[in-house]
file structure-v5.cif (mmCIF, C-alpha atoms and all ligand atoms)
data_protein
loop_
_atom_site.label_atom_id
_atom_site.label_comp_id
_atom_site.auth_asym_id
_atom_site.auth_seq_id
_atom_site.Cartn_x
_atom_site.Cartn_y
_atom_site.Cartn_z
CA MET M 1 54.58 62.78 -39.27
CA GLU M 2 51.09 64.12 -40.00
CA LYS M 3 49.40 62.41 -42.97
CA GLN M 4 47.75 64.32 -45.80
CA ASN M 5 44.06 64.89 -45.28
CA ILE M 6 42.68 62.83 -48.16
CA ASP M 7 40.12 60.05 -48.49
CA TRP M 8 42.65 57.24 -49.06
CA SER M 9 40.01 54.59 -49.66
CA ALA M 10 38.54 56.57 -52.56
CA LEU M 11 41.82 56.71 -54.53
CA ASP M 12 42.07 55.05 -57.90
CA PHE M 13 45.20 54.54 -60.00
CA SER M 14 45.80 58.09 -61.18
CA TYR M 15 48.50 60.71 -60.75
CA ARG M 16 48.56 63.49 -58.24
CA GLU M 17 51.59 65.58 -57.35
CA THR M 18 53.25 64.97 -54.00
CA ASP M 19 55.94 67.09 -52.30
CA LYS M 20 59.32 66.08 -53.68
CA SER M 21 60.80 64.33 -56.69
CA TYR M 22 64.36 63.11 -57.07
CA VAL M 23 66.41 64.23 -60.03
CA SER M 24 69.89 63.41 -61.27
CA ASN M 25 71.42 64.41 -64.62
CA PHE M 26 73.96 62.60 -66.77
CA LYS M 27 76.26 65.07 -68.51
CA ASN M 28 79.84 64.92 -69.81
CA GLY M 29 79.88 61.18 -69.27
CA LYS M 30 78.80 61.06 -65.63
CA TRP M 31 75.81 61.18 -63.27
CA ASP M 32 75.71 64.18 -60.93
CA ASP M 33 75.00 63.85 -57.20
CA GLY M 34 71.22 64.14 -57.50
CA VAL M 35 68.81 66.29 -55.45
CA LEU M 36 65.25 66.34 -54.19
CA THR M 37 63.19 69.00 -55.94
CA SER M 38 59.75 70.59 -55.55
CA ASP M 39 59.70 71.48 -59.25
CA HIS M 40 57.39 68.97 -60.91
CA THR M 41 58.07 70.17 -64.43
CA ILE M 42 60.95 69.50 -66.83
CA THR M 43 62.48 71.90 -69.35
CA MET M 44 64.58 70.44 -72.14
CA SER M 45 65.40 70.64 -75.84
CA GLU M 46 62.45 70.33 -78.18
CA CYS M 47 64.64 67.83 -80.01
CA ALA M 48 65.41 65.63 -76.95
CA GLY M 49 66.10 61.94 -77.63
CA VAL M 50 63.05 60.92 -75.65
CA LEU M 51 60.77 63.16 -77.71
CA GLN M 52 62.13 62.05 -81.10
CA TYR M 53 62.97 58.36 -80.67
CA SER M 54 61.30 57.37 -77.36
CA GLN M 55 64.54 56.76 -75.51
CA SER M 56 63.02 56.12 -72.09
CA VAL M 57 62.87 53.35 -69.49
CA PHE M 58 61.04 53.19 -66.17
CA GLU M 59 60.17 51.16 -63.09
CA GLY M 60 57.19 50.79 -60.79
CA MET M 61 57.35 50.20 -57.03
CA LYS M 62 55.30 50.91 -53.91
CA ALA M 63 55.79 52.15 -50.36
CA TYR M 64 53.60 50.72 -47.59
CA THR M 65 52.76 51.63 -44.01
CA THR M 66 53.15 48.47 -41.95
CA VAL M 67 50.80 47.33 -39.21
CA ASP M 68 53.20 48.80 -36.62
CA GLY M 69 53.51 52.14 -38.43
CA ARG M 70 56.86 51.74 -40.21
CA ILE M 71 57.25 52.84 -43.82
CA VAL M 72 58.75 50.19 -46.06
CA THR M 73 59.29 49.29 -49.68
CA PHE M 74 59.53 45.92 -51.40
CA ARG M 75 62.67 44.52 -53.07
CA PRO M 76 63.95 47.80 -54.61
CA ASP M 77 67.23 46.04 -55.47
CA GLN M 78 65.30 44.00 -58.03
CA ASN M 79 63.93 47.11 -59.72
CA ALA M 80 67.41 48.67 -59.64
CA LYS M 81 68.76 45.69 -61.54
CA ARG M 82 65.92 45.59 -64.05
CA MET M 83 66.26 49.30 -64.80
CA TYR M 84 69.99 48.76 -65.30
CA ASP M 85 69.22 46.04 -67.86
CA SER M 86 66.53 48.15 -69.54
CA ALA M 87 68.93 51.10 -69.88
CA GLN M 88 71.65 48.95 -71.43
CA ARG M 89 69.24 47.60 -74.06
CA LEU M 90 68.38 51.18 -75.12
CA GLU M 91 72.02 52.39 -75.09
CA MET M 92 71.44 54.62 -72.08
CA PRO M 93 74.03 55.04 -69.30
CA PRO M 94 72.65 52.83 -66.48
CA PHE M 95 71.99 54.52 -63.15
CA PRO M 96 74.15 52.81 -60.49
CA GLN M 97 72.07 50.20 -58.64
CA ASP M 98 73.08 51.21 -55.11
CA ARG M 99 72.29 54.84 -55.91
CA PHE M 100 68.93 53.78 -57.34
CA VAL M 101 67.94 52.14 -54.04
CA GLN M 102 69.20 55.15 -52.07
CA ALA M 103 67.23 57.55 -54.29
CA ILE M 104 64.04 55.51 -53.80
CA LEU M 105 64.41 55.53 -50.01
CA GLU M 106 65.18 59.28 -49.95
CA THR M 107 62.21 60.10 -52.16
CA ILE M 108 59.81 58.04 -50.04
CA LYS M 109 61.16 59.71 -46.89
CA ALA M 110 60.59 63.17 -48.41
CA ASN M 111 56.97 62.24 -49.18
CA GLU M 112 56.21 60.42 -45.94
CA SER M 113 52.94 62.26 -45.37
CA TRP M 114 51.69 60.85 -48.68
CA VAL M 115 52.26 57.19 -47.77
CA PRO M 116 48.72 55.94 -47.11
CA PRO M 117 48.02 54.55 -43.64
CA TYR M 118 47.92 50.82 -42.89
CA GLY M 119 44.59 49.25 -43.75
CA SER M 120 43.44 52.05 -46.08
CA GLY M 121 43.76 49.89 -49.20
CA ALA M 122 45.98 52.55 -50.79
CA THR M 123 49.76 52.70 -51.25
CA LEU M 124 52.34 55.20 -52.44
CA TYR M 125 53.29 54.32 -56.02
CA ILE M 126 56.88 55.11 -56.94
CA ARG M 127 57.86 55.72 -60.53
CA PRO M 128 61.61 55.90 -61.25
CA TYR M 129 62.40 56.70 -64.87
CA MET M 130 65.16 57.80 -67.17
CA PHE M 131 65.18 59.48 -70.57
CA GLY M 132 67.43 60.99 -73.23
CA SER M 133 67.32 64.75 -72.61
CA SER M 134 69.77 66.19 -75.15
CA ALA M 135 69.01 66.90 -78.80
CA VAL M 136 69.17 64.06 -81.32
CA ILE M 137 68.13 64.24 -84.95
CA GLY M 138 69.98 61.40 -86.69
CA VAL M 139 69.00 58.07 -85.14
CA ALA M 140 71.50 57.74 -82.27
CA PRO M 141 71.58 57.60 -78.47
CA ALA M 142 71.39 60.99 -76.71
CA GLU M 143 74.50 62.40 -75.00
CA GLU M 144 72.65 63.58 -71.89
CA TYR M 145 70.05 61.89 -69.68
CA GLN M 146 67.85 62.56 -66.70
CA PHE M 147 66.93 60.06 -63.96
CA ARG M 148 63.89 61.01 -61.93
CA VAL M 149 61.78 59.48 -59.18
CA ILE M 150 58.21 60.65 -58.76
CA THR M 151 55.61 59.38 -56.30
CA THR M 152 51.84 59.40 -56.16
CA PRO M 153 49.29 57.81 -53.81
CA VAL M 154 47.17 55.17 -55.54
CA GLY M 155 44.28 52.79 -55.02
CA PRO M 156 43.44 49.67 -57.08
CA TYR M 157 44.73 49.45 -60.67
CA PHE M 158 41.53 47.85 -61.92
CA LYS M 159 38.18 49.42 -61.07
CA GLY M 160 36.11 47.14 -58.86
CA GLY M 161 39.09 45.97 -56.79
CA ALA M 162 38.83 42.23 -56.13
CA LYS M 163 36.17 41.46 -58.76
CA PRO M 164 37.50 39.15 -61.51
CA ILE M 165 38.39 40.96 -64.71
CA ARG M 166 37.81 40.02 -68.35
CA LEU M 167 40.74 39.65 -70.74
CA LYS M 168 40.65 39.93 -74.50
CA LEU M 169 43.05 37.77 -76.47
CA ALA M 170 45.03 40.54 -78.16
CA GLU M 171 44.76 40.97 -81.92
CA PHE M 172 48.07 42.88 -81.91
CA ASP M 173 51.55 41.70 -80.99
CA ARG M 174 53.35 43.06 -77.93
CA ALA M 175 56.95 41.91 -78.24
CA ALA M 176 59.02 40.70 -81.17
CA PRO M 177 61.09 37.52 -80.59
CA ARG M 178 64.37 39.42 -80.30
CA GLY M 179 62.82 42.76 -79.40
CA THR M 180 62.25 44.70 -76.17
CA GLY M 181 59.49 42.73 -74.41
CA HIS M 182 61.78 41.78 -71.51
CA ILE M 183 62.68 45.36 -70.58
CA LYS M 184 60.58 48.17 -69.14
CA ALA M 185 60.77 50.73 -71.93
CA GLY M 186 58.10 53.36 -72.59
CA LEU M 187 57.90 52.24 -76.19
CA ASN M 188 56.35 48.91 -75.14
CA TYR M 189 53.47 50.83 -73.62
CA ALA M 190 53.06 53.41 -76.40
CA MET M 191 52.40 50.64 -78.88
CA SER M 192 49.90 48.95 -76.52
CA LEU M 193 47.63 52.02 -76.25
CA HIS M 194 45.64 51.36 -79.40
CA ALA M 195 45.00 47.76 -78.32
CA ILE M 196 43.95 48.73 -74.79
CA VAL M 197 41.59 51.50 -75.95
CA GLN M 198 40.03 49.00 -78.36
CA ALA M 199 39.72 46.35 -75.64
CA HIS M 200 38.08 48.82 -73.25
CA LYS M 201 35.57 49.83 -75.92
CA GLU M 202 34.65 46.18 -76.30
CA GLY M 203 34.11 45.81 -72.54
CA PHE M 204 37.38 44.09 -71.57
CA ASN M 205 39.77 45.22 -68.84
CA GLU M 206 43.06 44.20 -70.48
CA ASN M 207 44.68 42.38 -73.39
CA LEU M 208 46.27 38.98 -73.03
CA TYR M 209 49.09 38.82 -75.55
CA PRO M 210 50.05 35.53 -77.16
CA ASP M 211 53.64 35.04 -78.31
CA SER M 212 54.26 36.97 -81.53
CA ARG M 213 56.05 34.17 -83.39
CA THR M 214 53.42 31.43 -83.24
CA ARG M 215 50.44 33.08 -81.52
CA THR M 216 49.82 29.77 -79.75
CA LEU M 217 51.41 30.45 -76.33
CA VAL M 218 50.33 32.63 -73.41
CA GLU M 219 52.69 35.58 -72.74
CA GLU M 220 51.41 38.39 -70.50
CA THR M 221 49.11 41.41 -70.46
CA GLY M 222 49.97 45.01 -71.25
CA GLY M 223 50.96 45.82 -67.67
CA ALA M 224 51.24 42.57 -65.69
CA ASN M 225 52.40 38.94 -65.79
CA ILE M 226 49.81 36.15 -65.69
CA ILE M 227 49.56 33.31 -63.16
CA PHE M 228 47.45 30.14 -63.02
CA ILE M 229 46.40 27.56 -60.46
CA LYS M 230 45.82 23.95 -61.45
CA GLY M 231 45.06 21.73 -58.44
CA ASP M 232 47.97 22.25 -56.05
CA THR M 233 50.27 23.66 -58.73
CA PHE M 234 51.13 27.31 -59.32
CA VAL M 235 51.88 27.76 -63.03
CA THR M 236 53.58 30.77 -64.61
CA VAL M 237 54.93 31.63 -68.04
CA LYS M 238 58.50 31.02 -69.12
CA SER M 239 59.32 33.24 -72.08
CA PRO M 240 62.24 35.45 -73.07
CA THR M 241 59.86 38.16 -74.31
CA ILE M 242 57.87 38.92 -71.14
CA LEU M 243 58.87 41.39 -68.44
CA PRO M 244 60.50 39.51 -65.54
CA SER M 245 57.97 40.65 -62.93
CA VAL M 246 59.30 41.10 -59.40
CA THR M 247 55.82 40.26 -58.08
CA ARG M 248 55.63 37.02 -60.09
CA ARG M 249 59.10 35.89 -59.02
CA SER M 250 58.19 36.70 -55.40
CA LEU M 251 54.93 34.74 -55.71
CA GLU M 252 56.80 31.70 -57.01
CA TYR M 253 58.78 31.75 -53.76
CA VAL M 254 55.69 32.38 -51.62
CA ALA M 255 53.77 29.58 -53.37
CA GLU M 256 56.52 27.07 -52.67
CA HIS M 257 57.83 28.14 -49.27
CA TYR M 258 54.76 29.61 -47.56
CA LEU M 259 51.87 27.70 -49.14
CA GLY M 260 53.53 24.38 -50.05
CA LEU M 261 52.36 24.52 -53.67
CA LYS M 262 54.22 22.98 -56.58
CA VAL M 263 55.63 25.64 -58.87
CA GLU M 264 56.00 25.35 -62.63
CA GLU M 265 57.50 28.04 -64.85
CA ARG M 266 56.99 26.82 -68.40
CA GLU M 267 55.44 27.41 -71.81
CA ILE M 268 51.64 27.53 -71.60
CA PRO M 269 49.71 26.79 -74.79
CA LEU M 270 46.51 28.80 -75.26
CA THR M 271 44.70 25.47 -75.64
CA GLU M 272 45.50 24.69 -71.98
CA LEU M 273 43.49 27.67 -70.65
CA PRO M 274 40.27 25.69 -70.02
CA GLU M 275 42.20 23.33 -67.72
CA PHE M 276 43.08 25.97 -65.10
CA ASP M 277 41.07 26.40 -61.90
CA GLU M 278 42.15 29.96 -61.22
CA CYS M 279 43.89 32.79 -63.05
CA GLY M 280 45.28 36.13 -62.01
CA LEU M 281 47.39 39.07 -63.14
CA CYS M 282 50.32 40.06 -61.00
CA GLY M 283 52.45 43.16 -60.85
CA THR M 284 53.28 46.10 -58.63
CA ALA M 285 50.28 48.10 -59.82
CA ALA M 286 47.95 45.12 -60.24
CA VAL M 287 49.12 43.36 -56.99
CA ILE M 288 47.13 40.21 -57.80
CA SER M 289 43.97 40.84 -59.77
CA PRO M 290 41.76 37.80 -60.34
CA VAL M 291 40.93 36.99 -63.96
CA GLY M 292 37.48 35.57 -64.67
CA SER M 293 37.66 34.97 -68.41
CA VAL M 294 39.70 35.17 -71.60
CA THR M 295 37.86 35.84 -74.87
CA ASN M 296 39.02 35.33 -78.42
CA THR M 297 36.93 37.98 -80.18
CA VAL M 298 37.89 36.63 -83.62
CA THR M 299 36.48 33.12 -83.07
CA GLY M 300 34.00 34.07 -80.36
CA GLU M 301 35.45 31.43 -78.00
CA GLU M 302 35.48 32.34 -74.31
CA VAL M 303 37.20 30.52 -71.46
CA VAL M 304 35.69 31.13 -68.03
CA PHE M 305 37.98 29.86 -65.26
CA LYS M 306 36.52 27.46 -62.69
CA SER M 307 36.73 30.12 -59.95
CA GLY M 308 34.10 32.10 -61.91
CA MET M 309 33.28 35.78 -62.41
CA GLU M 310 32.23 36.72 -58.89
CA LYS M 311 35.22 36.45 -56.57
CA MET M 312 38.89 35.68 -56.23
CA GLY M 313 39.62 31.92 -56.25
CA PRO M 314 40.74 30.38 -52.92
CA THR M 315 44.40 29.75 -53.79
CA ILE M 316 44.93 33.12 -55.43
CA LYS M 317 43.33 34.68 -52.35
CA LYS M 318 45.91 32.88 -50.17
CA LEU M 319 48.73 34.13 -52.40
CA TYR M 320 47.31 37.65 -52.23
CA ASP M 321 46.94 37.58 -48.45
CA THR M 322 50.44 36.18 -47.95
CA LEU M 323 52.17 38.61 -50.30
CA THR M 324 50.37 41.68 -48.96
CA GLY M 325 50.93 40.38 -45.40
CA ILE M 326 54.67 40.25 -46.11
CA GLN M 327 54.57 43.75 -47.58
CA MET M 328 52.56 45.25 -44.70
CA GLY M 329 54.47 43.49 -41.94
CA THR M 330 51.84 41.04 -40.64
CA ILE M 331 53.74 38.01 -42.02
CA GLU M 332 57.46 37.50 -41.67
CA ALA M 333 59.31 38.34 -44.90
CA PRO M 334 62.11 36.37 -46.50
CA GLU M 335 65.55 37.86 -45.81
CA GLY M 336 66.23 41.02 -47.83
CA TRP M 337 62.74 41.62 -49.22
CA ILE M 338 61.70 44.55 -47.04
CA TYR M 339 63.60 47.86 -46.94
CA GLU M 340 62.68 50.25 -44.17
CA VAL M 341 62.65 53.97 -44.95
N1 LIG H 401 54.57 42.96 -67.13
C1 LIG H 401 54.47 44.21 -67.59
C2 LIG H 401 54.34 44.41 -69.05
C3 LIG H 401 54.47 45.29 -66.69
O1 LIG H 401 54.36 46.54 -67.14
C4 LIG H 401 54.59 45.04 -65.31
C5 LIG H 401 54.64 46.15 -64.36
O2 LIG H 401 55.64 46.52 -63.84
C6 LIG H 401 54.71 43.72 -64.87
C7 LIG H 401 54.68 42.71 -65.81
C8 LIG H 401 54.83 43.39 -63.42
O3 LIG H 401 56.12 43.58 -62.96
P1 LIG H 401 56.43 43.88 -61.44
O4 LIG H 401 55.84 42.75 -60.67
O5 LIG H 401 57.91 43.89 -61.35
O6 LIG H 401 55.80 45.16 -61.10
C1 LIG H 402 53.64 48.52 -62.50
O1 LIG H 402 53.01 47.52 -62.13
O2 LIG H 402 54.38 49.14 -61.72
C2 LIG H 402 53.55 48.98 -63.85
O3 LIG H 402 54.42 49.68 -64.26
C3 LIG H 402 52.40 48.55 -64.66
C4 LIG H 402 51.69 49.63 -65.41
C5 LIG H 402 51.15 50.72 -64.55
C6 LIG H 402 52.48 50.10 -66.56
#
call {"tool": "encode", "arguments": {"input": "structure-v5.cif", "output": "structure tokens"}}
result
Amino acid sequence: MEKQNIDWSALDFSYRETDKSYVSNFKNGKWDDGVLTSDHTITMSECAGVLQYSQSVFEGMKAYTTVDGRIVTFRPDQNAKRMYDSAQRLEMPPFPQDRFVQAILETIKANESWVPPYGSGATLYIRPYMFGSSAVIGVAPAEEYQFRVITTPVGPYFKGGAKPIRLKLAEFDRAAPRGTGHIKAGLNYAMSLHAIVQAHKEGFNENLYPDSRTRTLVEETGGANIIFIKGDTFVTVKSPTILPSVTRRSLEYVAEHYLGLKVEEREIPLTELPEFDECGLCGTAAVISPVGSVTNTVTGEEVVFKSGMEKMGPTIKKLYDTLTGIQMGTIEAPEGWIYEV
């Protein structure tokens, strides 16, 4: 299959249309068979549930070209399950998990020429999502829904690639104790926009949210989980209000089984930040982005991690190389992680 003629290495994380999207509609109590479409627009009621009350959930995944030229994706069953859970929390009819995986594979296949070549630094980002499409005016779940899968080739999520980023300790809350922080709903991102625009204006790349109840514990950023290295221990956050990142859970396995690190998933007080050697953000879009510093703009305190502001720390680099090696086929993957298209 001939690849698109684009400068893959120049791509950033923005949207461009590819060939086909997948669409399935839920009507009269059931999901239809679903089709691939070249129509990249949607027509629906001006009073649709998604437009009035933000009834939408989504996922984020990637397709890779392996070193030997196969096209693969990473643990789509995990995204299928998380989207199922997200849908249930917003009273939406979940899309069957086996059909989700099938739809992802079909959509990648239909956009094969857009999957960046091995070694280009770019990947095909896959965005499955679902929203209430029928009219709703009283506060209630919609009757009809649409599930869609769109794809777009992307480069690094943060400008500057492997250069450590600066986090601002968020002045806003992300997730209420019994709210929606653990699901991937559009509303979690709508409410983060003001905080991210503010953080960017102040020269930061992202917000690090503390827990909303006590504001003393580390939670996550607007679009990624956070990871730390302390000696030979890989430390991640345990909290019921963060998104259960597929990347983070995969890294916990890689840290233990490939790199022989100790793994701790636990509460992390903000006061512990100065004790960590290395810090990173992890997620499908972020992959692993090194974090150089966290700043509390209210008190003026700044923690600079021991690995510094110039390059990725050595252990995070090993995690990055191992995970991306597994994804691109240069390192053997654990059973069931890689799905070939
Ligand atoms: N946390 C948030 C808030 C996110 O939006 C994402 C992105 O999907 C993640 C964490 C990382 O999750 P995953 O590794 O499953 O992509
Ligand atoms: C992802 O990592 O896939 C995300 O969805 C994060 C962000 C782009 C919202």
call {"tool": "closest_residue", "arguments": {"input": "structure-v5.cif", "among": "M:Leu187, M:Leu169, M:Ile71, M:Leu193", "to": "Glu220 of chain M", "atoms": "only C-alpha atoms"}}
result
M:Leu169
call {"tool": "closest_residue", "arguments": {"input": "structure-v5.cif", "among": "M:Trp31, M:Phe26, M:Tyr339, M:Tyr129", "to": "Asp77 of chain M", "atoms": "all atoms listed in the file"}}
result
M:Tyr339
call {"tool": "residues_around", "arguments": {"input": "structure-v5.cif", "residues": "Glu219 of chain M", "least_positions_apart": "6", "cutoff": "9 Å", "atoms": "all atoms listed in the file", "output": "PDB file with C-alpha atoms, keeping the file's coordinate frame"}}
result
ATOM      1  CA  LEU M 208      46.270  38.980 -73.030  1.00  0.00           C
ATOM      2  CA  TYR M 209      49.090  38.820 -75.550  1.00  0.00           C
ATOM      3  CA  PRO M 210      50.050  35.530 -77.160  1.00  0.00           C
ATOM      4  CA  ASP M 211      53.640  35.040 -78.310  1.00  0.00           C
ATOM      5  CA  ASN M 225      52.400  38.940 -65.790  1.00  0.00           C
ATOM      6  CA  ILE M 226      49.810  36.150 -65.690  1.00  0.00           C
ATOM      7  CA  VAL M 237      54.930  31.630 -68.040  1.00  0.00           C
ATOM      8  CA  LYS M 238      58.500  31.020 -69.120  1.00  0.00           C
ATOM      9  CA  SER M 239      59.320  33.240 -72.080  1.00  0.00           C
ATOM     10  CA  THR M 241      59.860  38.160 -74.310  1.00  0.00           C
ATOM     11  CA  ILE M 242      57.870  38.920 -71.140  1.00  0.00           C
ATOM     12  CA  GLU M 267      55.440  27.410 -71.810  1.00  0.00           C
ATOM     13  CA  ILE M 268      51.640  27.530 -71.600  1.00  0.00           C
TER      14      ILE M 268
END
call {"tool": "axis_aligned_box", "arguments": {"input": "structure-v5.cif", "around": "ligand LIG 401 (chain H)", "padding_each_side": "4 Å", "output": "JSON"}}
result
{"center_x": 56.1, "center_y": 44.6, "center_z": -64.9, "size_x": 11.6, "size_y": 11.8, "size_z": 16.4}
call {"tool": "closest_residue", "arguments": {"input": "structure-v5.cif", "among": "M:Val50, M:Ile183, M:Leu251, M:Val149", "to": "Gly280 of chain M", "atoms": "all atoms listed in the file"}}
result
M:Leu251
call {"tool": "closest_atom_pairs", "arguments": {"input": "structure-v5.cif", "of": "chain M", "to": "ligand LIG 402 (chain H)", "cutoff": "9 Å", "atoms": "all atoms listed in the file", "output": "CSV"}}
result
residue,atom,partner,partner_atom,distance
M:Phe13,CA,H:LIG402,C5,8.4
M:Phe58,CA,H:LIG402,O3,7.7
M:Glu59,CA,H:LIG402,O3,6.1
M:Gly60,CA,H:LIG402,O2,3.4
M:Met61,CA,H:LIG402,O2,5.7
M:Lys62,CA,H:LIG402,O2,8.1
M:Tyr125,CA,H:LIG402,O2,7.8
M:Ile126,CA,H:LIG402,O2,8.0
M:Arg127,CA,H:LIG402,O2,7.5
M:Tyr157,CA,H:LIG402,C5,7.6
M:Lys184,CA,H:LIG402,O3,8.0
M:Gly186,CA,H:LIG402,C6,8.9
M:Tyr189,CA,H:LIG402,C6,7.2
M:Gly222,CA,H:LIG402,C6,7.4
M:Gly223,CA,H:LIG402,C3,4.3
M:Ala224,CA,H:LIG402,C3,6.2
M:Ser245,CA,H:LIG402,O1,8.5
M:Thr247,CA,H:LIG402,O1,8.8
M:Cys282,CA,H:LIG402,O1,8.0
M:Gly283,CA,H:LIG402,O1,4.6
M:Thr284,CA,H:LIG402,O1,3.8
M:Ala285,CA,H:LIG402,O1,3.6
M:Ala286,CA,H:LIG402,O1,5.9
M:Val287,CA,H:LIG402,O1,7.7
call {"tool": "residues_around", "arguments": {"input": "structure-v5.cif", "residues": "Val263 of chain M", "least_positions_apart": "4", "cutoff": "8 Å", "atoms": "only C-alpha atoms", "output": "mmCIF file with C-alpha atoms, in the frame of the given file"}}
result
data_model
loop_
_atom_site.group_PDB
_atom_site.id
_atom_site.type_symbol
_atom_site.label_atom_id
_atom_site.label_comp_id
_atom_site.auth_asym_id
_atom_site.auth_seq_id
_atom_site.Cartn_x
_atom_site.Cartn_y
_atom_site.Cartn_z
ATOM 1 C CA THR M 233 50.270 23.660 -58.730
ATOM 2 C CA PHE M 234 51.130 27.310 -59.320
ATOM 3 C CA VAL M 235 51.880 27.760 -63.030
ATOM 4 C CA THR M 236 53.580 30.770 -64.610
ATOM 5 C CA GLU M 252 56.800 31.700 -57.010
ATOM 6 C CA ALA M 255 53.770 29.580 -53.370
ATOM 7 C CA GLU M 256 56.520 27.070 -52.670
#
call {"tool": "closest_residue", "arguments": {"input": "structure-v5.cif", "among": "M:Ala80, M:Ile316, M:Ile338, M:Val35", "to": "ligand LIG 401 (chain H)", "atoms": "only C-alpha atoms and all ligand atoms"}}
result
M:Ala80
call {"tool": "closest_residue", "arguments": {"input": "structure-v5.cif", "among": "M:Ser120, M:Ser133, M:Ser250, M:Gln327", "to": "Ser56 of chain M", "atoms": "only C-alpha atoms"}}
result
M:Ser133
call {"tool": "closest_residue", "arguments": {"input": "structure-v5.cif", "among": "M:Glu265, M:Glu171, M:Glu17, M:Glu144", "to": "Ser38 of chain M", "atoms": "only C-alpha atoms"}}
result
M:Glu17
call {"tool": "residues_around", "arguments": {"input": "structure-v5.cif", "residues": "Leu11 of chain M", "least_positions_apart": "3", "cutoff": "10 Å", "atoms": "only C-alpha atoms", "output": "PyMOL selection string"}}
result
chain M and resi 6-8+14-15+120-123+153-157
call {"tool": "atom_distance", "arguments": {"input": "structure-v5.cif", "atom1": "atom CA of Ser134 of chain M", "atom2": "atom CA of Gln102 of chain M"}}
result
25.6 Å
call {"tool": "atom_distance", "arguments": {"input": "structure-v5.cif", "atom1": "atom CA of Val294 of chain M", "atom2": "atom CA of Lys168 of chain M"}}
result
5.7 Å
call {"tool": "residues_around", "arguments": {"input": "structure-v5.cif", "residues": "Val139 of chain M", "least_positions_apart": "6", "cutoff": "10 Å", "atoms": "all atoms listed in the file", "output": "PyMOL selection string"}}
result
chain M and resi 49+52-53
call {"tool": "residues_around", "arguments": {"input": "structure-v5.cif", "residues": "Lys311 of chain M", "least_positions_apart": "6", "cutoff": "10 Å", "atoms": "all atoms listed in the file", "output": "PyMOL selection string"}}
result
chain M and resi 162-165+290-292+317
call {"tool": "atom_distance", "arguments": {"input": "structure-v5.cif", "atom1": "atom CA of Asp173 of chain M", "atom2": "atom CA of Ala190 of chain M"}}
result
12.7 Å
call {"tool": "build_atoms", "arguments": {"input": "structure-v5.cif", "residues": "segment 109-120 of chain M", "atoms": "N, CA and C atoms", "output": "PDB file, in the frame of the given file"}}
result
ATOM      1  N   LYS M 109      61.012  58.972 -48.146  1.00  0.00           N
ATOM      2  CA  LYS M 109      61.160  59.710 -46.890  1.00  0.00           C
ATOM      3  C   LYS M 109      60.636  61.154 -47.053  1.00  0.00           C
ATOM      4  N   ALA M 110      60.984  61.778 -48.171  1.00  0.00           N
ATOM      5  CA  ALA M 110      60.590  63.170 -48.410  1.00  0.00           C
ATOM      6  C   ALA M 110      59.088  63.318 -48.655  1.00  0.00           C
ATOM      7  N   ASN M 111      58.414  62.200 -48.906  1.00  0.00           N
ATOM      8  CA  ASN M 111      56.970  62.240 -49.180  1.00  0.00           C
ATOM      9  C   ASN M 111      56.193  61.395 -48.170  1.00  0.00           C
ATOM     10  N   GLU M 112      56.765  61.283 -46.982  1.00  0.00           N
ATOM     11  CA  GLU M 112      56.210  60.420 -45.940  1.00  0.00           C
ATOM     12  C   GLU M 112      54.730  60.666 -45.666  1.00  0.00           C
ATOM     13  N   SER M 113      54.333  61.933 -45.713  1.00  0.00           N
ATOM     14  CA  SER M 113      52.940  62.260 -45.370  1.00  0.00           C
ATOM     15  C   SER M 113      51.965  61.757 -46.441  1.00  0.00           C
ATOM     16  N   TRP M 114      52.524  61.341 -47.575  1.00  0.00           N
ATOM     17  CA  TRP M 114      51.690  60.850 -48.680  1.00  0.00           C
ATOM     18  C   TRP M 114      51.609  59.316 -48.704  1.00  0.00           C
ATOM     19  N   VAL M 115      52.335  58.655 -47.795  1.00  0.00           N
ATOM     20  CA  VAL M 115      52.260  57.190 -47.770  1.00  0.00           C
ATOM     21  C   VAL M 115      50.969  56.819 -47.034  1.00  0.00           C
ATOM     22  N   PRO M 116      50.027  56.200 -47.731  1.00  0.00           N
ATOM     23  CA  PRO M 116      48.720  55.940 -47.110  1.00  0.00           C
ATOM     24  C   PRO M 116      48.849  55.086 -45.853  1.00  0.00           C
ATOM     25  N   PRO M 117      47.948  55.302 -44.892  1.00  0.00           N
ATOM     26  CA  PRO M 117      48.020  54.550 -43.640  1.00  0.00           C
ATOM     27  C   PRO M 117      47.724  53.065 -43.835  1.00  0.00           C
ATOM     28  N   TYR M 118      48.188  52.269 -42.879  1.00  0.00           N
ATOM     29  CA  TYR M 118      47.920  50.820 -42.890  1.00  0.00           C
ATOM     30  C   TYR M 118      46.415  50.570 -42.914  1.00  0.00           C
ATOM     31  N   GLY M 119      46.000  49.633 -43.741  1.00  0.00           N
ATOM     32  CA  GLY M 119      44.590  49.250 -43.750  1.00  0.00           C
ATOM     33  C   GLY M 119      43.698  50.107 -44.631  1.00  0.00           C
ATOM     34  N   SER M 120      44.268  51.149 -45.263  1.00  0.00           N
ATOM     35  CA  SER M 120      43.440  52.050 -46.080  1.00  0.00           C
ATOM     36  C   SER M 120      43.165  51.482 -47.467  1.00  0.00           C
TER      37      SER M 120
END
